[in-house]
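What follows is a short report on a single structure.
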Amino acid sequence: MAAALASRLTKGRSLLGGLTNAFSGLMSSSNGSILSQQQQRTFIQMGTTLKVVDNSGGKEVMCIQSLRGKKGARLGDIVIGSVKEAAQKKDVKKGKDDIQKGKVKKGNVVYGVVVRAAMQKGRVDGSQVRFDDNAIVILGIKEKKKDENGKEKKKKHAGGFHQPLGTRVFGPVPHEMRLKKQLKILSLAQHLV
Amino acid sequence: MATSSHLFPQALHMIPTSQPSKKLRLSSFLSCAPSMNPPRLSVSRLSLNHSVSKSSFSLDAKARREVLVRAEGEGEGEGEAEEGVDEGNVEEVVEAKAARKARVKLGDVMGILNHKAIEVSEKVRPVPEIRTGDIVEIKLEVPENRRRLSIYKGIVMSRQNAGIHTTIRIRRIIAGIGVEIVFPIYSPNIKEIKVVSHRKVRRARLYYLRDKLPRLSTFK
(Lines give C-alpha, C1' and ligand atoms only; values in the text may rest on other atoms or scores of the structure.)
Protein backbone atom coordinates (compact mmCIF):
# COMPACT_ATOMS: atom_id res chain seq x y z
CA MET A 1 0.00 0.00 0.00
CA ALA A 2 2.78 2.37 0.95
CA ALA A 3 4.81 1.22 -1.98
CA ALA A 4 1.95 1.90 -4.35
CA LEU A 5 1.56 5.35 -2.92
CA ALA A 6 5.23 6.03 -3.33
CA SER A 7 5.14 4.97 -6.91
CA ARG A 8 2.29 7.33 -7.64
CA LEU A 9 4.24 10.14 -6.09
CA THR A 10 7.33 9.56 -8.10
CA LYS A 11 7.37 11.27 -11.42
CA GLY A 12 10.87 10.95 -12.58
CA ARG A 13 11.73 14.33 -13.91
CA SER A 14 14.77 14.88 -11.84
CA LEU A 15 18.21 15.15 -13.24
CA LEU A 16 19.83 13.98 -10.07
CA GLY A 17 17.93 10.75 -10.03
CA GLY A 18 18.09 8.97 -6.76
CA LEU A 19 19.44 11.92 -4.86
CA THR A 20 16.55 14.15 -5.73
CA ASN A 21 14.08 11.46 -4.96
CA ALA A 22 15.37 11.14 -1.48
CA PHE A 23 15.45 14.88 -1.05
CA SER A 24 12.01 15.44 -2.41
CA GLY A 25 10.68 12.57 -0.37
CA LEU A 26 11.89 14.44 2.64
CA MET A 27 10.36 17.64 1.39
CA SER A 28 6.97 16.22 0.71
CA SER A 29 6.82 14.51 4.03
CA SER A 30 7.61 17.69 5.87
CA ASN A 31 5.62 20.21 3.87
CA GLY A 32 3.11 18.07 2.08
CA SER A 33 3.53 20.45 -0.83
CA ILE A 34 3.99 19.81 -4.52
CA LEU A 35 7.11 21.83 -4.83
CA SER A 36 9.04 18.60 -4.97
CA GLN A 37 9.52 16.82 -8.24
CA GLN A 38 6.77 14.39 -7.39
CA GLN A 39 3.24 14.87 -8.51
CA GLN A 40 0.17 13.58 -6.84
CA ARG A 41 -2.97 13.79 -8.86
CA THR A 42 -5.88 15.18 -6.90
CA PHE A 43 -9.52 15.92 -7.20
CA ILE A 44 -11.30 18.11 -9.65
CA GLN A 45 -12.21 21.24 -7.79
CA MET A 46 -13.05 24.85 -8.30
CA GLY A 47 -10.73 26.23 -10.91
CA THR A 48 -9.86 22.98 -12.63
CA THR A 49 -10.11 23.22 -16.37
CA LEU A 50 -11.56 20.26 -18.12
CA LYS A 51 -11.69 19.29 -21.71
CA VAL A 52 -15.06 18.81 -23.31
CA VAL A 53 -15.26 15.61 -25.26
CA ASP A 54 -18.61 15.72 -26.90
CA ASN A 55 -19.98 17.75 -29.73
CA SER A 56 -22.16 20.02 -27.68
CA GLY A 57 -20.18 23.05 -28.69
CA GLY A 58 -17.96 23.64 -25.74
CA LYS A 59 -14.23 23.14 -25.78
CA GLU A 60 -13.03 23.91 -22.33
CA VAL A 61 -14.88 24.21 -19.08
CA MET A 62 -13.64 25.47 -15.78
CA CYS A 63 -15.12 23.74 -12.79
CA ILE A 64 -16.83 26.07 -10.37
CA GLN A 65 -18.49 23.56 -8.11
CA SER A 66 -18.22 19.88 -7.56
CA LEU A 67 -21.58 18.41 -6.69
CA ARG A 68 -20.12 15.60 -4.73
CA GLY A 69 -17.53 15.41 -2.08
CA LYS A 70 -16.00 18.08 0.04
CA LYS A 71 -12.60 17.74 -1.51
CA GLY A 72 -13.73 17.67 -5.07
CA ALA A 73 -14.99 15.52 -7.84
CA ARG A 74 -13.52 12.30 -9.09
CA LEU A 75 -14.09 10.12 -12.07
CA GLY A 76 -17.79 9.78 -12.69
CA ASP A 77 -18.96 12.67 -10.56
CA ILE A 78 -21.01 15.59 -11.75
CA VAL A 79 -19.60 19.07 -11.68
CA ILE A 80 -20.87 22.49 -12.46
CA GLY A 81 -18.66 24.46 -14.73
CA SER A 82 -18.36 27.62 -16.69
CA VAL A 83 -17.59 27.36 -20.35
CA LYS A 84 -14.35 29.13 -21.00
CA GLU A 85 -13.95 28.27 -24.59
CA ALA A 86 -16.47 27.19 -27.12
CA ALA A 87 -16.18 25.98 -30.66
CA GLN A 88 -16.72 28.69 -33.20
CA LYS A 89 -19.33 28.07 -35.76
CA LYS A 90 -16.99 28.35 -38.66
CA ASP A 91 -14.52 25.87 -37.20
CA VAL A 92 -16.97 23.08 -37.20
CA LYS A 93 -17.17 20.73 -40.15
CA LYS A 94 -20.50 19.84 -41.47
CA GLY A 95 -21.92 16.45 -40.95
CA LYS A 96 -21.66 14.32 -37.92
CA ASP A 97 -19.62 16.82 -36.01
CA ASP A 98 -22.29 19.44 -36.27
CA ILE A 99 -22.95 21.29 -33.10
CA GLN A 100 -26.27 20.49 -31.66
CA LYS A 101 -29.18 22.74 -31.15
CA GLY A 102 -29.09 24.52 -27.88
CA LYS A 103 -25.39 24.54 -28.25
CA VAL A 104 -23.17 25.74 -25.56
CA LYS A 105 -21.71 29.20 -25.75
CA LYS A 106 -18.89 30.79 -23.93
CA GLY A 107 -19.91 31.91 -20.49
CA ASN A 108 -22.66 29.37 -20.05
CA VAL A 109 -22.87 27.59 -16.78
CA VAL A 110 -23.25 23.91 -17.44
CA TYR A 111 -23.52 20.59 -15.70
CA GLY A 112 -21.11 17.94 -16.75
CA VAL A 113 -20.04 14.47 -15.77
CA VAL A 114 -16.37 13.72 -15.47
CA VAL A 115 -15.52 10.95 -17.87
CA ARG A 116 -11.76 11.01 -17.57
CA ALA A 117 -9.71 12.02 -14.61
CA ALA A 118 -6.01 12.14 -14.04
CA MET A 119 -6.61 10.93 -10.52
CA GLN A 120 -6.78 7.19 -10.16
CA LYS A 121 -10.09 5.61 -9.36
CA GLY A 122 -10.22 2.31 -7.61
CA ARG A 123 -12.57 -0.40 -8.65
CA VAL A 124 -14.14 -3.16 -6.64
CA ASP A 125 -11.94 -5.86 -8.11
CA GLY A 126 -8.79 -4.18 -6.87
CA SER A 127 -7.79 -2.55 -10.12
CA GLN A 128 -7.27 1.15 -10.60
CA VAL A 129 -7.63 3.28 -13.65
CA ARG A 130 -6.28 6.68 -14.51
CA PHE A 131 -6.19 8.75 -17.63
CA ASP A 132 -3.80 11.32 -18.90
CA ASP A 133 -6.21 14.20 -18.86
CA ASN A 134 -9.40 15.52 -17.28
CA ALA A 135 -12.46 15.51 -19.47
CA ILE A 136 -16.18 16.02 -19.12
CA VAL A 137 -19.29 15.45 -21.11
CA ILE A 138 -21.74 18.30 -20.85
CA LEU A 139 -25.09 17.25 -19.52
CA GLY A 140 -27.15 20.37 -19.44
CA ILE A 141 -27.07 24.07 -19.26
CA LYS A 142 -27.91 25.61 -15.96
CA GLU A 143 -30.61 28.14 -16.33
CA LYS A 144 -30.38 31.51 -14.71
CA LYS A 145 -32.30 31.57 -11.52
CA LYS A 146 -35.89 32.48 -12.20
CA ASP A 147 -38.72 31.11 -10.16
CA GLU A 148 -40.34 28.78 -12.64
CA ASN A 149 -37.11 27.84 -14.27
CA GLY A 150 -35.50 27.30 -10.91
CA LYS A 151 -38.24 24.90 -9.95
CA GLU A 152 -37.99 23.10 -13.22
CA LYS A 153 -34.31 22.68 -12.90
CA LYS A 154 -34.60 21.24 -9.46
CA LYS A 155 -37.15 18.70 -10.50
CA LYS A 156 -35.14 17.52 -13.43
CA HIS A 157 -32.06 17.10 -11.37
CA ALA A 158 -33.70 15.22 -8.56
CA GLY A 159 -35.80 12.95 -10.70
CA GLY A 160 -33.20 11.43 -12.89
CA PHE A 161 -29.82 12.13 -14.24
CA HIS A 162 -29.23 14.60 -16.98
CA GLN A 163 -28.70 13.25 -20.41
CA PRO A 164 -25.75 14.41 -22.46
CA LEU A 165 -26.32 17.36 -24.71
CA GLY A 166 -24.14 16.16 -27.52
CA THR A 167 -24.57 13.21 -29.78
CA ARG A 168 -21.02 12.02 -29.94
CA VAL A 169 -18.41 11.28 -27.35
CA PHE A 170 -14.73 11.20 -28.15
CA GLY A 171 -12.03 9.18 -26.54
CA PRO A 172 -12.16 6.28 -24.10
CA VAL A 173 -14.83 6.09 -21.44
CA PRO A 174 -14.53 4.06 -18.27
CA HIS A 175 -16.99 1.52 -16.93
CA GLU A 176 -17.79 3.80 -14.05
CA MET A 177 -20.40 5.44 -16.25
CA ARG A 178 -22.58 2.42 -15.86
CA LEU A 179 -22.65 2.82 -12.13
CA LYS A 180 -23.49 6.47 -12.53
CA LYS A 181 -26.36 5.65 -14.83
CA GLN A 182 -24.86 7.46 -17.78
CA LEU A 183 -25.84 4.75 -20.17
CA LYS A 184 -26.16 7.05 -23.13
CA ILE A 185 -22.55 8.06 -22.82
CA LEU A 186 -21.57 4.41 -22.65
CA SER A 187 -23.42 3.65 -25.81
CA LEU A 188 -21.93 6.62 -27.63
CA ALA A 189 -18.40 5.90 -26.56
CA GLN A 190 -15.71 4.95 -28.99
CA HIS A 191 -13.92 2.72 -26.61
CA LEU A 192 -14.75 1.35 -23.20
CA VAL A 193 -12.00 1.02 -20.69
CA MET B 1 20.63 -13.51 26.69
CA ALA B 2 20.29 -10.81 24.18
CA THR B 3 18.47 -13.04 21.79
CA SER B 4 15.98 -14.17 24.28
CA SER B 5 15.39 -10.68 25.54
CA HIS B 6 13.22 -9.91 22.58
CA LEU B 7 10.81 -12.51 23.72
CA PHE B 8 10.18 -10.87 27.00
CA PRO B 9 7.76 -8.16 25.92
CA GLN B 10 5.75 -10.66 23.98
CA ALA B 11 5.57 -13.10 26.74
CA LEU B 12 5.07 -10.60 29.47
CA HIS B 13 1.70 -9.40 28.46
CA MET B 14 0.42 -12.89 28.60
CA ILE B 15 1.61 -13.54 32.06
CA PRO B 16 -0.75 -12.62 34.84
CA THR B 17 0.80 -11.94 38.11
CA SER B 18 -1.19 -14.37 40.16
CA GLN B 19 0.64 -17.41 41.18
CA PRO B 20 -1.72 -20.36 40.97
CA SER B 21 -2.56 -19.75 37.39
CA LYS B 22 1.11 -19.65 36.65
CA LYS B 23 1.59 -23.15 37.76
CA LEU B 24 -1.15 -24.20 35.50
CA ARG B 25 0.34 -22.30 32.69
CA LEU B 26 3.68 -23.77 33.28
CA SER B 27 2.37 -27.22 32.84
CA SER B 28 0.35 -26.26 29.83
CA PHE B 29 3.42 -24.79 28.27
CA LEU B 30 5.27 -27.94 28.83
CA SER B 31 2.54 -30.09 27.54
CA CYS B 32 2.13 -28.19 24.37
CA ALA B 33 5.77 -27.70 23.63
CA PRO B 34 7.19 -29.43 20.65
CA SER B 35 9.67 -32.12 21.07
CA MET B 36 12.59 -30.14 19.96
CA ASN B 37 14.63 -30.55 23.05
CA PRO B 38 12.75 -32.72 25.47
CA PRO B 39 15.61 -33.35 27.81
CA ARG B 40 16.25 -29.67 28.05
CA LEU B 41 12.68 -28.96 28.82
CA SER B 42 12.84 -31.21 31.72
CA VAL B 43 16.04 -29.63 32.80
CA SER B 44 14.45 -26.26 32.74
CA ARG B 45 11.47 -27.28 34.75
CA LEU B 46 13.33 -28.99 37.42
CA SER B 47 16.22 -26.73 37.69
CA LEU B 48 14.33 -23.52 37.57
CA ASN B 49 14.23 -23.01 41.21
CA HIS B 50 17.89 -22.55 41.68
CA SER B 51 18.80 -21.27 38.30
CA VAL B 52 16.53 -18.30 38.40
CA SER B 53 18.00 -16.99 41.54
CA LYS B 54 21.36 -16.98 39.91
CA SER B 55 20.20 -15.18 36.83
CA SER B 56 20.60 -11.50 36.71
CA PHE B 57 17.60 -10.51 34.74
CA SER B 58 15.60 -7.56 35.74
CA LEU B 59 12.37 -9.48 35.60
CA ASP B 60 10.31 -11.04 38.22
CA ALA B 61 11.71 -14.45 38.95
CA LYS B 62 8.46 -16.15 38.17
CA ALA B 63 8.09 -14.27 34.96
CA ARG B 64 11.54 -15.36 34.02
CA ARG B 65 10.56 -18.93 34.50
CA GLU B 66 7.57 -18.48 32.29
CA VAL B 67 9.59 -16.87 29.64
CA LEU B 68 12.19 -19.56 29.66
CA VAL B 69 9.67 -22.23 29.20
CA ARG B 70 7.93 -20.28 26.50
CA ALA B 71 11.19 -19.69 24.74
CA GLU B 72 11.79 -23.34 24.58
CA GLY B 73 8.23 -23.95 23.65
CA GLU B 74 8.69 -21.71 20.64
CA GLY B 75 11.57 -23.69 19.49
CA GLU B 76 13.41 -20.45 19.20
CA GLY B 77 15.50 -21.01 22.22
CA GLU B 78 18.77 -21.25 20.48
CA GLY B 79 20.30 -22.76 23.47
CA GLU B 80 21.17 -19.36 24.79
CA ALA B 81 18.04 -19.10 26.81
CA GLU B 82 19.12 -22.22 28.44
CA GLU B 83 22.45 -20.88 29.40
CA GLY B 84 20.65 -19.27 32.24
CA VAL B 85 19.36 -22.63 33.20
CA ASP B 86 21.99 -24.84 34.61
CA GLU B 87 22.90 -27.31 32.05
CA GLY B 88 23.21 -30.89 32.92
CA ASN B 89 21.98 -30.26 36.38
CA VAL B 90 19.24 -32.74 36.26
CA GLU B 91 19.14 -35.43 33.73
CA GLU B 92 15.68 -36.67 34.28
CA VAL B 93 13.94 -37.30 31.05
CA VAL B 94 10.37 -36.32 30.77
CA GLU B 95 8.37 -38.16 28.20
CA ALA B 96 7.90 -35.66 25.43
CA LYS B 97 4.61 -35.63 23.66
CA ALA B 98 4.47 -36.99 20.15
CA ALA B 99 6.06 -34.75 17.56
CA ARG B 100 3.77 -31.89 16.76
CA LYS B 101 3.71 -29.65 13.71
CA ALA B 102 6.35 -26.99 13.77
CA ARG B 103 4.95 -23.85 15.20
CA VAL B 104 4.74 -20.77 13.09
CA LYS B 105 7.42 -18.35 14.02
CA LEU B 106 6.19 -15.02 15.12
CA GLY B 107 6.61 -12.29 12.59
CA ASP B 108 6.22 -14.33 9.44
CA VAL B 109 2.53 -15.07 9.57
CA MET B 110 1.61 -12.67 6.81
CA GLY B 111 4.31 -14.02 4.57
CA ILE B 112 3.03 -17.54 5.00
CA LEU B 113 -0.56 -16.53 4.46
CA ASN B 114 0.41 -14.72 1.31
CA HIS B 115 2.29 -17.73 0.02
CA LYS B 116 -0.69 -19.93 0.62
CA ALA B 117 -3.03 -17.55 -1.11
CA ILE B 118 -0.73 -17.31 -4.09
CA GLU B 119 -0.50 -21.06 -4.29
CA VAL B 120 -4.24 -21.34 -4.41
CA SER B 121 -4.46 -18.76 -7.13
CA GLU B 122 -1.68 -20.35 -9.15
CA LYS B 123 -3.50 -23.64 -9.18
CA VAL B 124 -6.46 -22.09 -10.87
CA ARG B 125 -4.44 -20.06 -13.29
CA PRO B 126 -0.67 -19.98 -13.49
CA VAL B 127 0.82 -16.54 -13.78
CA PRO B 128 3.71 -16.08 -16.15
CA GLU B 129 6.82 -14.23 -15.25
CA ILE B 130 6.10 -10.57 -15.82
CA ARG B 131 8.69 -7.88 -15.69
CA THR B 132 8.78 -4.18 -16.40
CA GLY B 133 9.03 -3.59 -20.11
CA ASP B 134 6.96 -6.57 -21.16
CA ILE B 135 4.12 -5.92 -23.50
CA VAL B 136 1.27 -7.99 -22.21
CA GLU B 137 -2.27 -8.76 -23.07
CA ILE B 138 -4.74 -9.30 -20.28
CA LYS B 139 -8.15 -10.83 -20.62
CA LEU B 140 -10.37 -9.60 -17.89
CA GLU B 141 -13.83 -10.65 -16.92
CA VAL B 142 -15.80 -7.62 -15.90
CA PRO B 143 -18.91 -8.53 -13.95
CA GLU B 144 -20.81 -5.67 -15.52
CA ASN B 145 -19.87 -6.74 -18.98
CA ARG B 146 -20.94 -10.29 -18.77
CA ARG B 147 -20.88 -11.05 -22.44
CA ARG B 148 -17.28 -11.00 -23.45
CA LEU B 149 -13.92 -10.71 -21.86
CA SER B 150 -12.35 -7.29 -21.98
CA ILE B 151 -8.92 -7.24 -23.47
CA TYR B 152 -6.28 -4.91 -22.18
CA LYS B 153 -2.99 -4.62 -23.93
CA GLY B 154 -0.08 -2.46 -23.04
CA ILE B 155 3.36 -2.11 -21.66
CA VAL B 156 4.07 -3.00 -18.07
CA MET B 157 5.17 0.21 -16.41
CA SER B 158 5.80 -1.16 -13.00
CA ARG B 159 5.36 -4.15 -10.82
CA GLN B 160 4.64 -3.80 -7.14
CA ASN B 161 5.24 -6.91 -5.14
CA ALA B 162 2.92 -7.24 -2.21
CA GLY B 163 2.16 -10.90 -1.78
CA ILE B 164 -1.28 -11.68 -3.03
CA HIS B 165 -1.86 -8.08 -4.08
CA THR B 166 1.07 -7.99 -6.44
CA THR B 167 0.06 -5.51 -9.09
CA ILE B 168 1.26 -4.47 -12.50
CA ARG B 169 0.60 -1.16 -14.12
CA ILE B 170 -0.25 -1.26 -17.79
CA ARG B 171 -0.08 1.77 -20.03
CA ARG B 172 -1.55 2.19 -23.43
CA ILE B 173 -2.81 4.92 -25.69
CA ILE B 174 -6.49 4.25 -26.32
CA ALA B 175 -8.35 6.41 -28.78
CA GLY B 176 -5.76 9.13 -28.44
CA ILE B 177 -5.66 9.29 -24.66
CA GLY B 178 -3.14 7.61 -22.45
CA VAL B 179 -4.67 5.21 -19.98
CA GLU B 180 -2.95 3.46 -17.13
CA ILE B 181 -4.55 0.58 -15.34
CA VAL B 182 -3.30 -1.21 -12.29
CA PHE B 183 -4.15 -4.91 -12.22
CA PRO B 184 -3.72 -7.29 -9.32
CA ILE B 185 -2.23 -10.25 -11.17
CA TYR B 186 -3.59 -12.91 -8.83
CA SER B 187 -7.12 -11.66 -9.16
CA PRO B 188 -9.69 -14.29 -10.11
CA ASN B 189 -11.24 -11.84 -12.53
CA ILE B 190 -8.24 -12.06 -14.79
CA LYS B 191 -8.77 -14.92 -17.12
CA GLU B 192 -5.52 -14.82 -19.00
CA ILE B 193 -2.25 -12.97 -19.02
CA LYS B 194 -0.03 -13.36 -22.00
CA VAL B 195 3.31 -11.74 -22.63
CA VAL B 196 3.29 -10.65 -26.23
CA SER B 197 6.73 -9.17 -26.53
CA HIS B 198 9.33 -7.32 -24.61
CA ARG B 199 10.94 -3.97 -24.91
CA LYS B 200 14.33 -3.29 -23.54
CA VAL B 201 14.12 -0.82 -20.71
CA ARG B 202 16.69 0.24 -18.22
CA ARG B 203 14.34 1.10 -15.41
CA ALA B 204 12.12 -0.66 -12.97
CA ARG B 205 9.38 1.94 -13.27
CA LEU B 206 8.69 3.56 -16.58
CA TYR B 207 6.99 6.72 -15.44
CA TYR B 208 8.92 8.67 -18.03
CA LEU B 209 6.56 7.29 -20.64
CA ARG B 210 3.94 9.73 -19.44
CA ASP B 211 5.94 12.64 -20.78
CA LYS B 212 7.05 11.03 -23.95
CA LEU B 213 5.39 10.89 -27.30
CA PRO B 214 2.21 8.88 -27.46
CA ARG B 215 3.80 6.83 -30.15
CA LEU B 216 5.93 5.07 -27.55
CA SER B 217 2.91 3.87 -25.65
CA THR B 218 0.87 2.75 -28.61
CA PHE B 219 0.44 -0.93 -29.17
CA LYS B 220 -1.71 -2.35 -31.88
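Order determines the names: the first chain of the C-alpha coordinates is A, the second B, and so forth; residues in each chain are numbered 1 upward, and ligands are numbered 1 upward as they are shown.
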
(Q) List as a list in words the protein and nucleic acid residues near Ala73 (chain A), meaning an atom at most 9 Å away when only C-alpha atoms are counted, but skip any in the same chain fewer than 5 places from it. (A) Phe43, Ile44, Gln45, Gln65, Ser66, Leu67, Arg68, Ile78, Val79 and Val114 of chain A

Q. Neighbours of Asp77 (chain A) within 12 Å (only C-alpha atoms; same-chain residues fewer than 6 positions away dropped), as a PyMOL selection string?
A. chain A and resi 43-45+63+65-69+111-117+121+135-137+139+161+176-177+179-182

Q: Using only C-alpha atoms, find which residues of chain A lie within 6 Å of chain B and jot them down as a PyMOL selection string.
A: chain A and resi 127-132+171

Q. In Å, how far is it from CA of Gly163 (chain B) to CA of Glu129 (chain B)?
A.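 It comes out at 14.6 Å.
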
Q: Using only C-alpha atoms, pick whichever of A:Ile138, A:Ala87, A:Val61, A:Ala118 has the shortest atom-to-atom distance to Pro164 (chain A).
A: A:Ile138
